[in-house]
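With mmCIF, C-alpha atoms inside, this is input.cif:
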```
data_model
loop_
_atom_site.label_atom_id
_atom_site.label_comp_id
_atom_site.auth_asym_id
_atom_site.auth_seq_id
_atom_site.Cartn_x
_atom_site.Cartn_y
_atom_site.Cartn_z
CA MET H 15 17.23 -3.22 20.95
CA ALA H 16 25.92 -1.06 21.79
CA ALA H 17 28.34 0.22 23.70
CA GLU H 18 31.83 -1.18 23.59
CA LEU H 19 33.20 -4.52 24.76
CA SER H 20 34.30 -3.13 28.10
CA LEU H 21 31.80 -3.02 30.95
CA ILE H 22 28.81 -1.41 29.31
CA LYS H 23 27.53 1.84 30.73
CA PRO H 24 24.79 4.17 29.48
CA ILE H 25 26.15 6.11 26.53
CA SER H 26 27.55 9.37 27.85
CA LYS H 27 26.64 11.38 24.79
CA PHE H 28 22.92 10.88 25.56
CA PRO H 29 21.54 13.16 28.24
CA LYS H 30 20.17 11.93 31.22
CA PHE H 31 -9.40 -7.41 18.93
CA SER H 32 -10.91 -8.02 16.52
CA SER H 33 -12.83 -5.21 14.90
CA PRO H 34 -13.13 -5.77 11.12
CA ARG H 35 -12.17 -2.20 10.27
CA PRO H 36 -10.87 0.92 12.02
CA SER H 37 -13.64 2.23 14.24
CA ALA H 38 -15.25 5.63 14.11
CA ASN H 39 -13.26 6.50 17.20
CA PHE H 40 -10.02 5.83 15.36
CA ARG H 41 -11.07 8.04 12.46
CA SER H 42 -12.03 10.82 14.86
CA TYR H 43 -8.67 10.64 16.63
CA ILE H 44 -6.91 10.99 13.27
CA SER H 45 -9.02 14.03 12.46
CA MET H 46 -8.13 15.64 15.78
CA SER H 47 -4.41 15.21 15.12
CA SER H 48 -4.47 16.56 11.58
CA ALA H 49 -7.32 19.05 11.40
CA ALA H 50 -5.16 21.96 12.44
CA SER H 51 -2.59 21.37 9.70
CA THR H 52 -1.53 24.55 7.97
CA GLU H 53 -0.56 22.83 4.73
CA THR H 54 -2.21 24.29 1.66
CA LYS H 55 -0.94 21.86 -0.96
CA ARG H 56 -2.24 18.33 -0.86
CA PRO H 57 -1.56 15.52 -3.28
CA LYS H 58 -4.64 14.73 -5.29
CA LYS H 59 -4.25 11.02 -4.78
CA LEU H 60 -2.12 9.11 -2.30
CA ALA H 61 -0.59 5.78 -3.17
CA LYS H 62 -1.66 3.20 -0.62
CA THR H 63 1.12 0.98 0.63
CA GLY H 64 1.52 -2.19 2.66
CA ILE H 65 4.14 -3.69 4.93
CA LYS H 66 6.46 -6.44 3.76
CA GLU H 67 5.95 -9.33 6.15
CA THR H 68 9.10 -10.69 7.83
CA LEU H 69 9.95 -12.33 11.14
CA LEU H 70 10.80 -8.90 12.56
CA THR H 71 7.74 -7.03 11.23
CA PRO H 72 5.49 -5.35 13.85
CA ARG H 73 2.64 -7.74 14.62
CA PHE H 74 -1.01 -7.58 15.59
CA TYR H 75 -1.98 -9.35 18.81
CA THR H 76 -5.02 -10.93 20.33
CA THR H 77 -5.52 -12.70 23.65
CA ASP H 78 -7.89 -14.77 25.77
CA PHE H 79 -10.44 -12.08 26.58
CA ASP H 80 -12.45 -14.40 28.85
CA GLU H 81 -9.37 -14.95 31.02
CA MET H 82 -8.77 -11.20 31.04
CA GLU H 83 -12.28 -10.67 32.38
CA MET H 84 -11.61 -13.14 35.19
CA LEU H 85 -8.28 -11.51 36.07
CA PHE H 86 -9.93 -8.12 36.55
CA ASN H 87 -13.06 -9.26 38.31
CA SER H 88 -12.73 -7.69 41.77
CA GLU H 89 -14.93 -10.38 43.30
CA ILE H 90 -12.48 -13.06 42.18
CA ASN H 91 -9.17 -11.21 42.42
CA LYS H 92 -8.71 -9.61 45.83
CA ASN H 93 -5.28 -8.22 44.85
CA LEU H 94 -6.78 -5.53 42.64
CA ASN H 95 -5.85 -2.11 43.96
CA GLN H 96 -8.75 -0.02 42.68
CA ALA H 97 -7.34 3.14 44.27
CA GLU H 98 -4.19 2.81 42.16
CA PHE H 99 -6.24 2.23 39.02
CA GLU H 100 -8.38 5.27 39.86
CA ALA H 101 -5.24 7.39 40.15
CA LEU H 102 -4.01 6.10 36.81
CA LEU H 103 -7.40 6.78 35.25
CA GLN H 104 -7.21 10.43 36.30
CA GLU H 105 -3.79 10.66 34.64
CA PHE H 106 -5.19 9.34 31.37
CA LYS H 107 -8.29 11.54 31.54
CA THR H 108 -6.10 14.62 31.83
CA ASP H 109 -4.97 13.89 28.26
CA TYR H 110 -1.82 15.98 28.34
CA ASN H 111 -1.25 15.54 24.62
CA GLN H 112 -4.73 16.41 23.39
CA THR H 113 -3.46 19.39 21.39
CA HIS H 114 0.13 18.23 20.92
CA PHE H 115 -0.08 16.45 17.58
CA VAL H 116 -0.70 19.43 15.33
CA ARG H 117 1.14 19.52 12.03
CA ASN H 118 2.54 22.50 10.17
CA LYS H 119 4.09 23.29 6.80
CA GLU H 120 7.52 22.13 8.00
CA PHE H 121 6.52 18.51 7.44
CA LYS H 122 5.95 18.67 3.70
CA GLU H 123 8.89 21.01 3.17
CA ALA H 124 11.23 18.63 5.03
CA ALA H 125 9.91 15.60 3.15
CA ASP H 126 10.53 17.28 -0.19
CA LYS H 127 14.19 17.78 0.78
CA LEU H 128 14.73 14.10 1.56
CA ASN H 129 16.01 12.18 -1.44
CA GLY H 130 17.47 8.82 -2.37
CA PRO H 131 17.97 6.02 0.16
CA LEU H 132 17.37 8.32 3.15
CA ARG H 133 13.92 9.22 1.83
CA GLN H 134 13.02 5.55 1.45
CA ILE H 135 14.28 4.66 4.91
CA PHE H 136 12.15 7.45 6.40
CA VAL H 137 9.11 6.09 4.60
CA GLU H 138 9.82 2.66 6.06
CA PHE H 139 10.25 4.18 9.53
CA LEU H 140 6.83 5.86 9.26
CA GLU H 141 5.19 2.68 7.93
CA ARG H 142 6.57 0.40 10.64
CA SER H 143 5.89 2.89 13.42
CA CYS H 144 2.33 3.43 12.22
CA THR H 145 1.72 -0.32 12.06
CA ALA H 146 3.01 -0.81 15.62
CA GLU H 147 0.85 2.02 17.01
CA PHE H 148 -2.22 0.79 15.13
CA SER H 149 -1.66 -2.71 16.51
CA GLY H 150 -1.80 -1.25 20.03
CA PHE H 151 -4.98 0.64 19.18
CA LEU H 152 -6.78 -2.54 18.08
CA LEU H 153 -5.77 -4.57 21.14
CA TYR H 154 -6.49 -1.83 23.70
CA LYS H 155 -9.81 -0.94 22.07
CA GLU H 156 -11.02 -4.53 22.28
CA LEU H 157 -9.84 -4.89 25.90
CA GLY H 158 -11.68 -1.69 26.77
CA ARG H 159 -14.85 -3.08 25.25
CA ARG H 160 -14.58 -6.53 26.80
CA LEU H 161 -13.77 -5.38 30.35
CA LYS H 162 -16.46 -2.69 30.53
CA LYS H 163 -18.80 -4.75 32.73
CA THR H 164 -16.16 -6.60 34.73
CA ASN H 165 -14.03 -3.62 35.72
CA PRO H 166 -15.19 -0.26 34.30
CA VAL H 167 -12.12 1.62 35.60
CA VAL H 168 -9.58 -0.69 33.95
CA ALA H 169 -11.76 -0.81 30.83
CA GLU H 170 -11.79 2.97 30.56
CA ILE H 171 -8.00 3.12 30.91
CA PHE H 172 -7.65 0.65 28.03
CA SER H 173 -10.04 2.77 25.97
CA LEU H 174 -8.03 5.91 26.71
CA MET H 175 -4.81 4.13 25.80
CA SER H 176 -6.43 3.15 22.50
CA ARG H 177 -7.15 6.86 22.03
CA ASP H 178 -3.44 7.59 22.43
CA GLU H 179 -2.37 4.82 20.04
CA ALA H 180 -4.91 5.92 17.42
CA ARG H 181 -3.66 9.47 17.70
CA HIS H 182 -0.06 8.31 17.21
CA ALA H 183 -0.96 6.06 14.26
CA GLY H 184 -2.96 8.83 12.61
CA PHE H 185 -0.12 11.31 13.04
CA LEU H 186 2.37 8.87 11.53
CA ASN H 187 0.08 8.00 8.65
CA LYS H 188 -0.40 11.69 7.99
CA GLY H 189 3.39 11.91 7.80
CA LEU H 190 3.32 9.36 5.00
CA SER H 191 1.15 11.77 3.03
CA ASP H 192 4.16 14.10 2.92
CA PHE H 193 5.76 11.41 0.76
CA ASN H 194 2.54 10.97 -1.31
CA LEU H 195 1.80 7.64 0.40
CA ALA H 196 -0.75 6.31 2.88
CA LEU H 197 -0.87 3.09 4.86
CA ASP H 198 -4.12 1.23 4.23
CA LEU H 199 -5.09 0.60 7.86
CA GLY H 200 -8.47 -0.86 6.94
CA PHE H 201 -6.78 -3.48 4.80
CA LEU H 202 -4.22 -4.19 7.52
CA THR H 203 -6.99 -4.82 10.05
CA LYS H 204 -8.57 -7.48 7.88
CA ALA H 205 -5.53 -8.98 6.15
CA ARG H 206 -2.83 -9.20 8.81
CA LYS H 207 -2.46 -12.38 10.84
CA TYR H 208 -3.02 -11.97 14.57
CA THR H 209 -0.57 -13.51 17.04
CA PHE H 210 -2.23 -15.04 20.09
CA PHE H 211 -0.65 -14.36 23.48
CA LYS H 212 -2.00 -15.46 26.84
CA PRO H 213 -2.82 -12.48 29.10
CA LYS H 214 0.35 -12.78 31.18
CA PHE H 215 2.43 -12.73 28.00
CA ILE H 216 0.53 -9.66 26.82
CA PHE H 217 1.50 -7.99 30.11
CA TYR H 218 5.21 -8.84 29.81
CA ALA H 219 5.51 -7.98 26.11
CA THR H 220 3.43 -4.81 26.17
CA TYR H 221 5.11 -3.43 29.29
CA LEU H 222 8.50 -3.87 27.61
CA SER H 223 7.23 -2.44 24.34
CA GLU H 224 5.90 0.71 26.00
CA LYS H 225 8.99 1.29 28.15
CA ILE H 226 11.43 0.65 25.33
CA GLY H 227 9.37 3.03 23.21
CA TYR H 228 9.78 5.68 25.90
CA TRP H 229 13.56 5.31 25.97
CA ARG H 230 13.85 5.30 22.17
CA TYR H 231 11.80 8.46 21.75
CA ILE H 232 13.33 10.45 24.59
CA THR H 233 16.87 9.51 23.52
CA ILE H 234 16.27 10.61 19.93
CA TYR H 235 14.60 13.80 21.13
CA ARG H 236 17.48 14.72 23.44
CA HIS H 237 20.09 13.91 20.80
CA LEU H 238 18.41 16.10 18.18
CA LYS H 239 17.89 18.92 20.65
CA GLU H 240 21.65 18.99 21.19
CA ASN H 241 22.41 18.42 17.50
CA PRO H 242 19.73 20.35 15.55
CA GLU H 243 21.66 20.04 12.29
CA PHE H 244 20.36 16.42 12.15
CA GLN H 245 16.72 17.47 12.62
CA VAL H 246 15.84 16.44 9.06
CA TYR H 247 12.12 15.84 9.67
CA PRO H 248 9.96 17.64 12.25
CA ILE H 249 8.21 14.57 13.67
CA PHE H 250 11.10 14.16 16.11
CA LYS H 251 10.26 17.51 17.74
CA TYR H 252 7.10 15.86 19.07
CA PHE H 253 8.91 12.98 20.77
CA GLU H 254 9.37 14.63 24.19
CA ASN H 255 5.63 14.72 24.94
CA TRP H 256 4.88 11.69 22.81
CA CYS H 257 7.17 9.46 24.87
CA GLN H 258 5.21 10.32 28.01
CA ASP H 259 2.21 8.51 26.52
CA GLU H 260 4.44 5.44 26.22
CA ASN H 261 5.63 5.90 29.78
CA ARG H 262 2.11 6.17 31.19
CA HIS H 263 1.07 3.06 29.28
CA GLY H 264 4.02 1.19 30.78
CA ASP H 265 3.09 2.38 34.27
CA PHE H 266 -0.40 1.01 33.75
CA PHE H 267 0.92 -2.41 32.77
CA SER H 268 3.16 -2.32 35.83
CA ALA H 269 0.04 -1.82 37.94
CA LEU H 270 -1.70 -4.67 36.11
CA MET H 271 1.15 -7.05 36.90
CA LYS H 272 1.19 -6.00 40.55
CA ALA H 273 -2.47 -6.93 40.64
CA GLN H 274 -1.52 -10.41 39.41
CA PRO H 275 1.38 -11.43 41.71
CA GLN H 276 1.32 -14.96 40.30
CA PHE H 277 2.90 -13.46 37.18
CA LEU H 278 5.85 -12.11 39.16
CA ASN H 279 6.63 -14.25 42.19
CA ASP H 280 7.72 -17.73 41.13
CA TRP H 281 10.47 -19.43 39.13
CA LYS H 282 8.32 -19.63 36.01
CA ALA H 283 7.79 -15.88 36.10
CA LYS H 284 11.56 -15.36 36.20
CA LEU H 285 12.05 -17.57 33.15
CA TRP H 286 9.29 -15.85 31.18
CA ALA H 287 10.51 -12.38 32.18
CA ARG H 288 13.99 -13.16 30.85
CA PHE H 289 12.52 -14.67 27.69
CA PHE H 290 10.52 -11.56 26.87
CA CYS H 291 13.42 -9.26 27.66
CA LEU H 292 15.56 -11.27 25.26
CA SER H 293 12.86 -11.30 22.55
CA VAL H 294 12.26 -7.57 22.68
CA TYR H 295 15.91 -6.55 22.90
CA VAL H 296 17.11 -8.87 20.14
CA THR H 297 14.24 -7.92 17.83
CA MET H 298 15.03 -4.22 18.20
CA TYR H 299 18.77 -4.74 17.76
CA LEU H 300 18.42 -6.87 14.61
CA ASN H 301 15.80 -4.56 13.14
CA ASP H 302 17.82 -1.42 13.73
CA CYS H 303 21.07 -2.92 12.47
CA GLN H 304 19.28 -3.53 9.16
CA ARG H 305 18.47 0.17 9.05
CA THR H 306 21.67 1.93 10.02
CA ALA H 307 21.07 4.51 7.26
CA PHE H 308 18.12 5.86 9.24
CA TYR H 309 20.09 6.37 12.45
CA GLU H 310 23.13 7.71 10.62
CA GLY H 311 20.79 10.13 8.86
CA ILE H 312 19.88 11.67 12.21
CA GLY H 313 23.45 11.58 13.51
CA LEU H 314 23.31 8.46 15.70
CA ASP H 315 25.49 5.38 15.90
CA THR H 316 22.95 2.57 15.63
CA LYS H 317 24.56 0.12 18.02
CA GLU H 318 25.42 2.75 20.62
CA PHE H 319 21.87 4.05 20.47
CA ASP H 320 20.37 0.59 20.83
CA MET H 321 22.58 -0.41 23.74
CA HIS H 322 21.78 2.82 25.54
CA VAL H 323 18.05 2.12 25.06
CA ILE H 324 18.41 -1.53 26.13
CA ILE H 325 20.37 -0.66 29.29
CA GLU H 326 17.93 2.03 30.38
CA THR H 327 14.89 -0.13 29.57
CA ASN H 328 16.40 -3.04 31.47
CA ARG H 329 17.02 -0.86 34.53
CA THR H 330 13.42 0.37 34.41
CA THR H 331 12.11 -3.16 33.90
CA ALA H 332 14.10 -4.44 36.88
CA ARG H 333 11.74 -2.44 39.11
CA ILE H 334 8.89 -4.85 38.37
CA PHE H 335 10.15 -8.01 36.59
CA PRO H 336 11.45 -10.70 38.98
CA ALA H 337 14.58 -11.19 36.85
CA VAL H 338 16.16 -9.44 33.89
CA LEU H 339 19.08 -10.07 31.56
CA ASP H 340 22.57 -8.92 32.46
CA VAL H 341 22.74 -6.51 29.54
CA GLU H 342 25.68 -4.61 31.05
CA ASN H 343 27.85 -7.70 30.80
CA PRO H 344 30.05 -7.21 27.68
CA GLU H 345 29.28 -10.79 26.68
CA PHE H 346 25.68 -9.72 26.04
CA LYS H 347 26.71 -7.22 23.37
CA ARG H 348 29.17 -9.64 21.81
CA ARG H 349 26.37 -12.13 21.34
CA LEU H 350 24.04 -9.48 19.91
CA ASP H 351 26.67 -8.52 17.37
CA ARG H 352 27.16 -12.16 16.41
CA MET H 353 23.39 -12.44 15.85
CA VAL H 354 23.56 -9.40 13.56
CA GLU H 355 26.26 -11.14 11.49
CA ILE H 356 24.19 -14.32 11.22
CA ASN H 357 21.04 -12.39 10.35
CA THR H 358 22.93 -10.51 7.63
CA GLU H 359 24.00 -13.83 6.15
CA LEU H 360 20.40 -15.08 6.28
CA LEU H 361 19.20 -12.00 4.43
CA ALA H 362 21.92 -12.47 1.83
CA VAL H 363 20.75 -16.03 1.21
CA GLY H 364 17.25 -14.74 0.58
CA ASP H 365 18.57 -12.28 -2.00
CA THR H 366 20.33 -14.91 -4.12
CA ASP H 367 18.92 -16.38 -7.32
CA ASP H 368 19.07 -19.93 -5.95
CA ILE H 369 15.99 -22.10 -6.06
CA ALA H 370 13.91 -22.33 -2.87
CA LEU H 371 15.32 -25.75 -1.91
CA VAL H 372 18.92 -24.55 -2.11
CA LYS H 373 18.07 -21.39 -0.16
CA ASN H 374 16.44 -23.45 2.60
CA LEU H 375 19.44 -25.79 2.81
CA LYS H 376 21.78 -22.81 3.13
CA ARG H 377 19.58 -21.34 5.86
CA ILE H 378 19.65 -24.42 8.10
CA PRO H 379 23.15 -23.96 9.60
CA LEU H 380 22.58 -20.21 9.92
CA ILE H 381 19.30 -20.67 11.75
CA ALA H 382 20.95 -23.25 14.01
CA ALA H 383 23.74 -20.77 14.77
CA LEU H 384 21.22 -18.01 15.53
CA VAL H 385 19.23 -20.28 17.85
CA SER H 386 22.47 -21.27 19.58
CA GLU H 387 23.35 -17.63 20.22
CA LEU H 388 19.86 -16.89 21.49
CA LEU H 389 19.97 -19.83 23.86
CA ALA H 390 23.45 -18.95 25.13
CA THR H 391 22.33 -15.36 25.76
CA TYR H 392 19.22 -16.53 27.58
CA LEU H 393 21.28 -18.83 29.79
CA MET H 394 23.71 -16.11 30.86
CA PRO H 395 23.43 -15.58 34.64
CA PRO H 396 20.47 -13.23 35.12
CA VAL H 397 20.10 -10.23 37.37
CA GLU H 398 17.70 -11.01 40.19
CA ALA H 399 15.37 -8.05 40.37
CA GLY H 400 11.82 -6.90 40.84
CA SER H 401 9.75 -5.82 43.76
CA VAL H 402 6.13 -4.88 43.52
CA ASP H 403 6.79 -2.71 46.56
CA ILE H 404 9.21 -0.36 44.78
CA ALA H 405 7.25 -0.19 41.55
CA GLU H 406 4.52 2.01 42.94
CA PHE H 407 2.79 4.25 40.43
CA GLU H 408 4.30 7.70 40.32
CA PRO H 409 2.59 10.11 37.92
CA GLN H 410 5.54 12.52 37.62
CA LEU H 411 7.86 12.55 34.63
CA VAL H 412 10.88 10.27 34.72
CA TYR H 413 13.35 12.58 33.04
#
```

Would you put the structure from the file into structure tokens?
Amino acid sequence: MAAELSLIKPISKFPKFSSPRPSANFRSYISMSSAASTETKRPKKLAKTGIKETLLTPRFYTTDFDEMEMLFNSEINKNLNQAEFEALLQEFKTDYNQTHFVRNKEFKEAADKLNGPLRQIFVEFLERSCTAEFSGFLLYKELGRRLKKTNPVVAEIFSLMSRDEARHAGFLNKGLSDFNLALDLGFLTKARKYTFFKPKFIFYATYLSEKIGYWRYITIYRHLKENPEFQVYPIFKYFENWCQDENRHGDFFSALMKAQPQFLNDWKAKLWARFFCLSVYVTMYLNDCQRTAFYEGIGLDTKEFDMHVIIETNRTTARIFPAVLDVENPEFKRRLDRMVEINTELLAVGDTDDIALVKNLKRIPLIAALVSELLATYLMPPVEAGSVDIAEFEPQLVY
């Protein structure tokens, strides 16, 4: 979710819910992505692993499905542009990546060469990424099911997006097998807590998540294409096509928001848009700054990478959100870096041998300082943006 303290520009070095268990569809998508593997050696038994729960851990989401049904009822909502949704549906039906996620022997060979801290950080990357993709699968699958009668076209798009997310999660989980591990997705489905978001918040958060995912993947792909000596694991070779799934998903949520102008055209929408930009950007920045070993391992400067991604995501988001943060103001990065310092101190408190009461007392001033930085960043003068007129769906690639 850093360029320098001068006026920030894009980094020049980068080229321009509810189902109790994974459904049969999810299992079939995994099979499609791994069936063509050429590996001959398989571990006899994989160790199943879970995700350590923290404030920054990828979460599972649910929403008010009844309200969703009302929003996409064409008899109630006259703003629905069915022609645009039909065009999007054809894009998803084309399924450009149907045969893209095919593994080969490079995966296991590369995993065997990774040792020490870098090996562990790659495992964590695969675990967190798989959890995030699987979370999207669950939400989109349920939306596809619930909207089937109300709006079959929108419902089918959600179902096809769940196909994409399942394919991604399966591919990532298969990557964990290279390290003799597997994420227990069935257990995750039942055991993880679900965060409730109202539909409009789902739109804001998921649009940002998909677009920031696009910019992360394409930036890593371009960097490694120019610097192949850092291509330590072959999953990154798949990011060019993979990121287009993220981009199409974001385009769909852009169309959903245009169909609900009340989410974009008043002062409350501006406040919420800035809030979700801040939440997504700060979460990414803090997460990544805890994992600099991963980015250094593939030849990236973590903060430069994150600021490049934030700036490009913000510029994309400004096409549809009514207001965005002024992320190119050097004060924005200064505040992010201060949050990293505070978060590091918070983590250090958690690692001490103090009793729980003492730890909590030590955390209070740090949490207050973090909240103060968040509030000050939120209150920075925003960039007025957004026009549903210029955010028309364009199916061509954006790079």

| task | May I ask which of the residues H:Thr203, H:Tyr218, H:Leu152, H:Val168 is the closest one to Ala101 (chain H), counting all atoms listed in the file? | result | H:Val168

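The spacing separating CA of Pro344 (chain H) from CA of Pro395 (chain H) amounts to 12.7 Å.
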
| query | Could you spell out the hits of the PyMOL selection byres ((chain H and resi 222) around 12) on the shown file, as a PyMOL selection string? | reply | chain H and resi 15+215-221+223-230+260-261+263-268+287-295+298+323-324+326-332+334-335+338

| message | I need the output of the PyMOL selection byres ((chain H and resi 159) around 12) for this file as a ChimeraX atom specification; which residues are they? | response | /H:31-33,79,82-83,152-158,160-174,176

| What is the CA of Met321 (chain H) to CA of Phe253 (chain H) distance in Å? |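 Computing the Euclidean distance for CA of Met321 (chain H) and CA of Phe253 (chain H) yields 19.4 Å.
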
| said: Can you pull out the residues contacting Val363 (chain H)? Cut-off 10 Å, using only C-alpha atoms, and skip same-chain residues under 5 positions away; I want them as number ranges by chain. | reply: H: 357-358, 368, 372-377, 380

How would region 315-323 of chain H look with all heavy atoms restored, written as an mmCIF file, keeping the file's coordinate frame?
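See rebuild-v3.cif below for the written result:
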```
data_model
loop_
_atom_site.group_PDB
_atom_site.id
_atom_site.type_symbol
_atom_site.label_atom_id
_atom_site.label_comp_id
_atom_site.auth_asym_id
_atom_site.auth_seq_id
_atom_site.Cartn_x
_atom_site.Cartn_y
_atom_site.Cartn_z
ATOM 1 N N ASP H 315 24.878 6.682 16.126
ATOM 2 C CA ASP H 315 25.490 5.380 15.900
ATOM 3 C C ASP H 315 24.474 4.325 16.327
ATOM 4 O O ASP H 315 24.042 4.288 17.483
ATOM 5 C CB ASP H 315 26.773 5.243 16.713
ATOM 6 C CG ASP H 315 27.438 3.884 16.519
ATOM 7 O OD1 ASP H 315 26.895 2.886 17.054
ATOM 8 O OD2 ASP H 315 28.473 3.819 15.857
ATOM 9 N N THR H 316 24.061 3.483 15.387
ATOM 10 C CA THR H 316 22.950 2.570 15.630
ATOM 11 C C THR H 316 23.166 1.679 16.845
ATOM 12 O O THR H 316 22.291 1.562 17.715
ATOM 13 C CB THR H 316 22.702 1.677 14.395
ATOM 14 O OG1 THR H 316 22.538 2.503 13.242
ATOM 15 C CG2 THR H 316 21.455 0.821 14.578
ATOM 16 N N LYS H 317 24.317 1.061 16.933
ATOM 17 C CA LYS H 317 24.560 0.120 18.020
ATOM 18 C C LYS H 317 24.693 0.830 19.367
ATOM 19 O O LYS H 317 24.218 0.327 20.392
ATOM 20 C CB LYS H 317 25.792 -0.731 17.718
ATOM 21 C CG LYS H 317 25.570 -1.711 16.564
ATOM 22 C CD LYS H 317 26.782 -2.596 16.347
ATOM 23 C CE LYS H 317 26.518 -3.618 15.247
ATOM 24 N NZ LYS H 317 27.680 -4.522 15.035
ATOM 25 N N GLU H 318 25.331 1.994 19.374
ATOM 26 C CA GLU H 318 25.420 2.750 20.620
ATOM 27 C C GLU H 318 24.031 3.175 21.089
ATOM 28 O O GLU H 318 23.703 3.081 22.275
ATOM 29 C CB GLU H 318 26.315 3.975 20.437
ATOM 30 C CG GLU H 318 27.796 3.660 20.357
ATOM 31 C CD GLU H 318 28.642 4.920 20.381
ATOM 32 O OE1 GLU H 318 28.065 6.029 20.459
ATOM 33 O OE2 GLU H 318 29.869 4.797 20.333
ATOM 34 N N PHE H 319 23.245 3.658 20.148
ATOM 35 C CA PHE H 319 21.870 4.050 20.470
ATOM 36 C C PHE H 319 21.087 2.887 21.045
ATOM 37 O O PHE H 319 20.434 2.996 22.095
ATOM 38 C CB PHE H 319 21.181 4.592 19.206
ATOM 39 C CG PHE H 319 19.684 4.737 19.330
ATOM 40 C CD1 PHE H 319 19.123 5.759 20.086
ATOM 41 C CD2 PHE H 319 18.832 3.844 18.683
ATOM 42 C CE1 PHE H 319 17.743 5.900 20.205
ATOM 43 C CE2 PHE H 319 17.460 3.970 18.793
ATOM 44 C CZ PHE H 319 16.912 4.996 19.555
ATOM 45 N N ASP H 320 21.140 1.751 20.377
ATOM 46 C CA ASP H 320 20.370 0.590 20.830
ATOM 47 C C ASP H 320 20.815 0.107 22.200
ATOM 48 O O ASP H 320 19.981 -0.244 23.049
ATOM 49 C CB ASP H 320 20.488 -0.542 19.809
ATOM 50 C CG ASP H 320 19.442 -0.448 18.712
ATOM 51 O OD1 ASP H 320 18.873 0.652 18.542
ATOM 52 O OD2 ASP H 320 19.184 -1.457 18.038
ATOM 53 N N MET H 321 22.129 0.056 22.433
ATOM 54 C CA MET H 321 22.580 -0.410 23.740
ATOM 55 C C MET H 321 22.199 0.558 24.847
ATOM 56 O O MET H 321 21.857 0.139 25.962
ATOM 57 C CB MET H 321 24.098 -0.638 23.733
ATOM 58 C CG MET H 321 24.526 -1.944 23.072
ATOM 59 S SD MET H 321 23.681 -3.423 23.725
ATOM 60 C CE MET H 321 24.066 -3.333 25.465
ATOM 61 N N HIS H 322 22.245 1.842 24.561
ATOM 62 C CA HIS H 322 21.780 2.820 25.540
ATOM 63 C C HIS H 322 20.306 2.565 25.890
ATOM 64 O O HIS H 322 19.925 2.530 27.067
ATOM 65 C CB HIS H 322 21.949 4.236 24.992
ATOM 66 C CG HIS H 322 21.357 5.308 25.848
ATOM 67 N ND1 HIS H 322 21.953 5.764 26.994
ATOM 68 C CD2 HIS H 322 20.187 6.000 25.736
ATOM 69 C CE1 HIS H 322 21.204 6.701 27.549
ATOM 70 N NE2 HIS H 322 20.124 6.857 26.806
ATOM 71 N N VAL H 323 19.486 2.362 24.863
ATOM 72 C CA VAL H 323 18.050 2.120 25.060
ATOM 73 C C VAL H 323 17.832 0.811 25.833
ATOM 74 O O VAL H 323 17.018 0.740 26.757
ATOM 75 C CB VAL H 323 17.313 2.089 23.713
ATOM 76 C CG1 VAL H 323 15.884 1.588 23.882
ATOM 77 C CG2 VAL H 323 17.306 3.487 23.089
#
```
